[in-house]
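Take a look at the structure set out below.
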Amino acid sequence: MSLLKSLLLNLGQHDSVSGEEARLLSSVITKEALFSTGDDIVAIGSRPIYSSLLVDGFAARYKMLADGGRQITALHVAGDFVDLHAFLLKTMDHGIVALSPCHVAFAEHGDLKMITEKAPHLARLLWLDTLVDGAIHREWIVAMGRRSRKSQLAHLICELYVRLRGVQRTTDWSFHFPLSQAEMADVLGLSVVHMNRVIQSLRREGLISWTHHTISILDWVRLQEVAEFDPTYLSMMREPR
């Protein structure tokens, strides 16, 4: 069950996962691989026959522009199925890249289809995982279109902290975050220079510290206010699904 620990913690935030459901997941998620920083876990244009579970590390969903520019459209942490949607979409219109060394496990699409037929409650929880992905996308669009860049970054830090806390990847108010400022610029759609200014703004206000790939939240209440952060969209209330 070690491969499933973060996934079960993730799903368990939404509803109870039975022992039988955990054993079924364990029986279909058996293959695993390691990816180095910068490796594509899933390539643009590929037609994967499996979906990838991030066991450890950070990964990103991204799109490439004709001029070589990159926009990161999602960040993934341990416990995320980074391409569960590929089960039905078939051809990937975007890529998934490792932003740190990543440990990944795989579930074949044929086995996922079996889960939808034989374990409807588990299938609903996995479906919810993709719905939360969609909710996160909506928040990112709102943040990019309507929030100040300082508020946008504050919101992202709040979101990451809550998601990582749910899979036991935080220490008090701190978490490991290996992305460079250039990669963060690709997340927020900024230049590296502008990205640095936004980070410095949050530091000057005493809201965060960010050193040696560790982000520490110094004032959670104020950071949430700056971000206008409401975690409802993450659907972390545990209730029957």
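Order determines the names: the first chain of the structure tokens is A, the second B, and so forth; residues in each chain are numbered 1 upward, and ligands are numbered 1 upward as they are shown.
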
Surrounding residues of stretch 133-142 of chain A excluding itself and chain neighbours under 6 positions, 12 Å, only C-alpha atoms, as a ChimeraX atom specification: /A:61,72-77,80-85,126-127,148-149,151-156,159-160,163,187-189,227-235

Any idea what's packed within 6 Å of stretch 7-23 of chain A, counting only C-alpha atoms, ignoring anything in its chain fewer than 6 positions away? Could you give it as a compact mmCIF listing (two decimals) with C-alpha atoms, in the first residue's frame?
```txt
# COMPACT_ATOMS: atom_id res chain seq x y z
CA GLY A 79 -1.45 11.83 -4.37
CA VAL A 167 -1.34 14.43 2.03
CA MET A 236 -12.27 18.82 1.24
CA MET A 237 -15.39 18.36 3.35
CA ARG A 238 -15.66 14.63 4.05
CA GLU A 239 -19.17 13.51 3.15
CA PRO A 240 -20.92 10.73 1.20
```

Give me the residues near A:Thr214 as a PyMOL selection string, where near means some atom within 8 Å (using only C-alpha atoms) and where sequence neighbours in that chain fewer than 4 positions away do not count.
chain A and resi 174-178+209-210

Please, could you write that set of residues out with N, CA, C and O atoms as a compact mmCIF listing (two decimals), in the first residue's frame?
```
# COMPACT_ATOMS: atom_id res chain seq x y z
N SER A 174 5.25 25.20 6.95
CA SER A 174 6.23 25.19 5.88
C SER A 174 6.03 23.99 4.96
O SER A 174 5.50 22.95 5.37
N PHE A 175 6.49 24.13 3.71
CA PHE A 175 6.48 23.00 2.79
C PHE A 175 7.61 23.15 1.78
O PHE A 175 8.04 24.26 1.45
N HIS A 176 8.09 22.01 1.31
CA HIS A 176 9.13 21.98 0.29
C HIS A 176 8.53 22.37 -1.05
O HIS A 176 7.46 21.89 -1.43
N PHE A 177 9.22 23.25 -1.78
CA PHE A 177 8.72 23.72 -3.06
C PHE A 177 9.90 23.94 -3.99
O PHE A 177 10.59 24.96 -3.92
N PRO A 178 10.18 22.97 -4.89
CA PRO A 178 11.43 22.99 -5.65
C PRO A 178 11.44 23.86 -6.90
O PRO A 178 12.43 23.90 -7.62
N SER A 209 8.23 33.47 4.06
CA SER A 209 9.66 33.41 3.75
C SER A 209 9.82 32.32 2.69
O SER A 209 9.03 31.37 2.64
N TRP A 210 10.81 32.47 1.84
CA TRP A 210 11.00 31.53 0.71
C TRP A 210 12.49 31.40 0.50
O TRP A 210 13.12 32.21 -0.16
```

Correct to one decimal, the distance atom CA of A:Lys63-atom CA of A:Ile96 is 9.1 Å

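Atom CA of A:Val132 is found 22.1 Å from atom CA of A:Asp111.
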
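Running DSSP on the backbone and keeping only strand (DSSP E), the residues of stretch 103-199 of chain A that qualify are His103, Val104, Ala105, Phe106, Ala107, Glu108, Thr170, Thr171, Ser174, Phe175 and His176 of chain A.
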
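The spacing separating atom CA of A:Cys158 from atom CA of A:Val221 amounts to 10.3 Å.
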
**Study point:** Spatial neighbours of A:Ser46, 8 Å, only C-alpha atoms, chain gap at least 2 places, as number ranges by chain
**Key:** A: 42-44, 48, 91-92

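Near stretch 24-38 of chain A, within 9 Å and counting only C-alpha atoms, sit Met1, Leu3, Leu4, Gly19, Glu20, Leu53, Ala59, Val97, Ala98, Leu99, Ser100, Pro101, Cys102, His103, Val104, Ala105, Phe106, Ala107, Glu108, Asp111, Leu112, Ile115, Ala119 and Leu122 of chain A, not including residues fewer than 4 positions from it in the same chain.
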
Can you write out the residues you just picked, keeping N, CA, C and O atoms, as a compact mmCIF listing (two decimals), in the first residue's frame?
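Result file follows (part.txt):
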```txt
# COMPACT_ATOMS: atom_id res chain seq x y z
N MET A 1 0.81 -1.21 0.00
CA MET A 1 0.00 0.00 0.00
C MET A 1 0.85 1.27 0.00
O MET A 1 0.33 2.37 -0.01
N LEU A 3 2.63 2.64 -2.26
CA LEU A 3 2.41 3.46 -3.45
C LEU A 3 1.12 4.27 -3.33
O LEU A 3 0.99 5.33 -3.96
N LEU A 4 0.19 3.79 -2.54
CA LEU A 4 -1.14 4.39 -2.47
C LEU A 4 -1.32 5.36 -1.32
O LEU A 4 -2.38 5.98 -1.20
N GLY A 19 -11.69 -0.64 2.93
CA GLY A 19 -10.56 -1.54 2.77
C GLY A 19 -10.61 -2.28 1.45
O GLY A 19 -9.58 -2.49 0.79
N GLU A 20 -11.81 -2.67 1.04
CA GLU A 20 -11.96 -3.38 -0.24
C GLU A 20 -11.59 -2.47 -1.41
O GLU A 20 -10.93 -2.90 -2.36
N LEU A 53 -0.08 8.16 -11.57
CA LEU A 53 -0.28 8.61 -10.19
C LEU A 53 1.05 9.14 -9.66
O LEU A 53 2.05 8.43 -9.66
N ALA A 59 4.96 17.92 -10.24
CA ALA A 59 4.84 17.87 -11.69
C ALA A 59 3.92 18.98 -12.15
O ALA A 59 3.20 19.60 -11.35
N VAL A 97 5.11 17.44 -17.12
CA VAL A 97 6.56 17.45 -16.93
C VAL A 97 6.90 17.33 -15.45
O VAL A 97 6.19 17.86 -14.59
N ALA A 98 7.99 16.64 -15.16
CA ALA A 98 8.48 16.54 -13.79
C ALA A 98 9.22 17.83 -13.43
O ALA A 98 10.16 18.22 -14.12
N LEU A 99 8.80 18.49 -12.37
CA LEU A 99 9.46 19.71 -11.90
C LEU A 99 10.49 19.41 -10.82
O LEU A 99 11.20 20.31 -10.36
N SER A 100 10.55 18.16 -10.40
CA SER A 100 11.51 17.67 -9.42
C SER A 100 11.67 16.19 -9.73
O SER A 100 10.94 15.64 -10.57
N PRO A 101 12.61 15.49 -9.11
CA PRO A 101 12.61 14.04 -9.26
C PRO A 101 11.25 13.48 -8.82
O PRO A 101 10.73 13.84 -7.76
N CYS A 102 10.64 12.67 -9.67
CA CYS A 102 9.28 12.18 -9.42
C CYS A 102 9.22 10.66 -9.41
O CYS A 102 9.83 10.00 -10.26
N HIS A 103 8.49 10.14 -8.47
CA HIS A 103 8.16 8.72 -8.38
C HIS A 103 6.71 8.60 -8.85
O HIS A 103 5.81 9.22 -8.28
N VAL A 104 6.50 7.81 -9.89
CA VAL A 104 5.18 7.72 -10.53
C VAL A 104 4.76 6.26 -10.61
O VAL A 104 5.58 5.39 -10.89
N ALA A 105 3.48 6.01 -10.35
CA ALA A 105 2.90 4.68 -10.52
C ALA A 105 1.81 4.77 -11.58
O ALA A 105 1.31 5.86 -11.89
N PHE A 106 1.43 3.63 -12.14
CA PHE A 106 0.55 3.64 -13.30
C PHE A 106 -0.63 2.68 -13.14
O PHE A 106 -0.48 1.60 -12.56
N ALA A 107 -1.77 3.10 -13.67
CA ALA A 107 -2.96 2.25 -13.74
C ALA A 107 -3.39 2.16 -15.20
O ALA A 107 -3.62 3.19 -15.85
N GLU A 108 -3.47 0.95 -15.73
CA GLU A 108 -3.88 0.78 -17.12
C GLU A 108 -5.34 1.18 -17.28
O GLU A 108 -6.17 0.97 -16.39
N ASP A 111 -8.01 -1.35 -16.62
CA ASP A 111 -8.30 -1.57 -15.20
C ASP A 111 -9.17 -0.45 -14.64
O ASP A 111 -10.04 -0.69 -13.79
N LEU A 112 -8.94 0.79 -15.09
CA LEU A 112 -9.79 1.89 -14.65
C LEU A 112 -11.22 1.70 -15.14
O LEU A 112 -12.18 2.00 -14.41
N ILE A 115 -12.91 -0.62 -12.82
CA ILE A 115 -13.32 0.03 -11.57
C ILE A 115 -14.65 0.76 -11.78
O ILE A 115 -15.54 0.71 -10.91
N ALA A 119 -16.90 -1.00 -9.15
CA ALA A 119 -16.77 -0.28 -7.89
C ALA A 119 -17.24 1.16 -8.09
O ALA A 119 -16.43 2.09 -8.15
N LEU A 122 -15.96 4.01 -5.69
CA LEU A 122 -14.56 4.35 -5.95
C LEU A 122 -14.43 5.14 -7.25
O LEU A 122 -13.66 6.10 -7.34
```

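Nearest to A:Leu218 of all the residues A:Asp172, A:Asn196, A:Leu65, A:Ser191 is A:Asp172, based on only C-alpha atoms.
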
Q.
List as a ChimeraX atom specification the protein and nucleic acid residues near A:Ala78, meaning an atom at most 7 Å away when only C-alpha atoms are counted, but skip any in the same chain fewer than 6 places from it.
A. /A:6,54-57

Please return as number ranges by chain: the residues of stretch 4-239 of chain A that backbone DSSP assigns to helix (DSSP H, G or I). A: 4-12, 19-28, 86-89, 109-118, 120-146, 149-166, 181-188, 192-204, 220-227, 231-234

(Q) Residues near A:Met195, anyone? I mean within 8 Å using only C-alpha atoms, not counting same-chain ones fewer than 4 positions away, as a PyMOL selection string. (A) chain A and resi 181-182+184-185+190-191+199
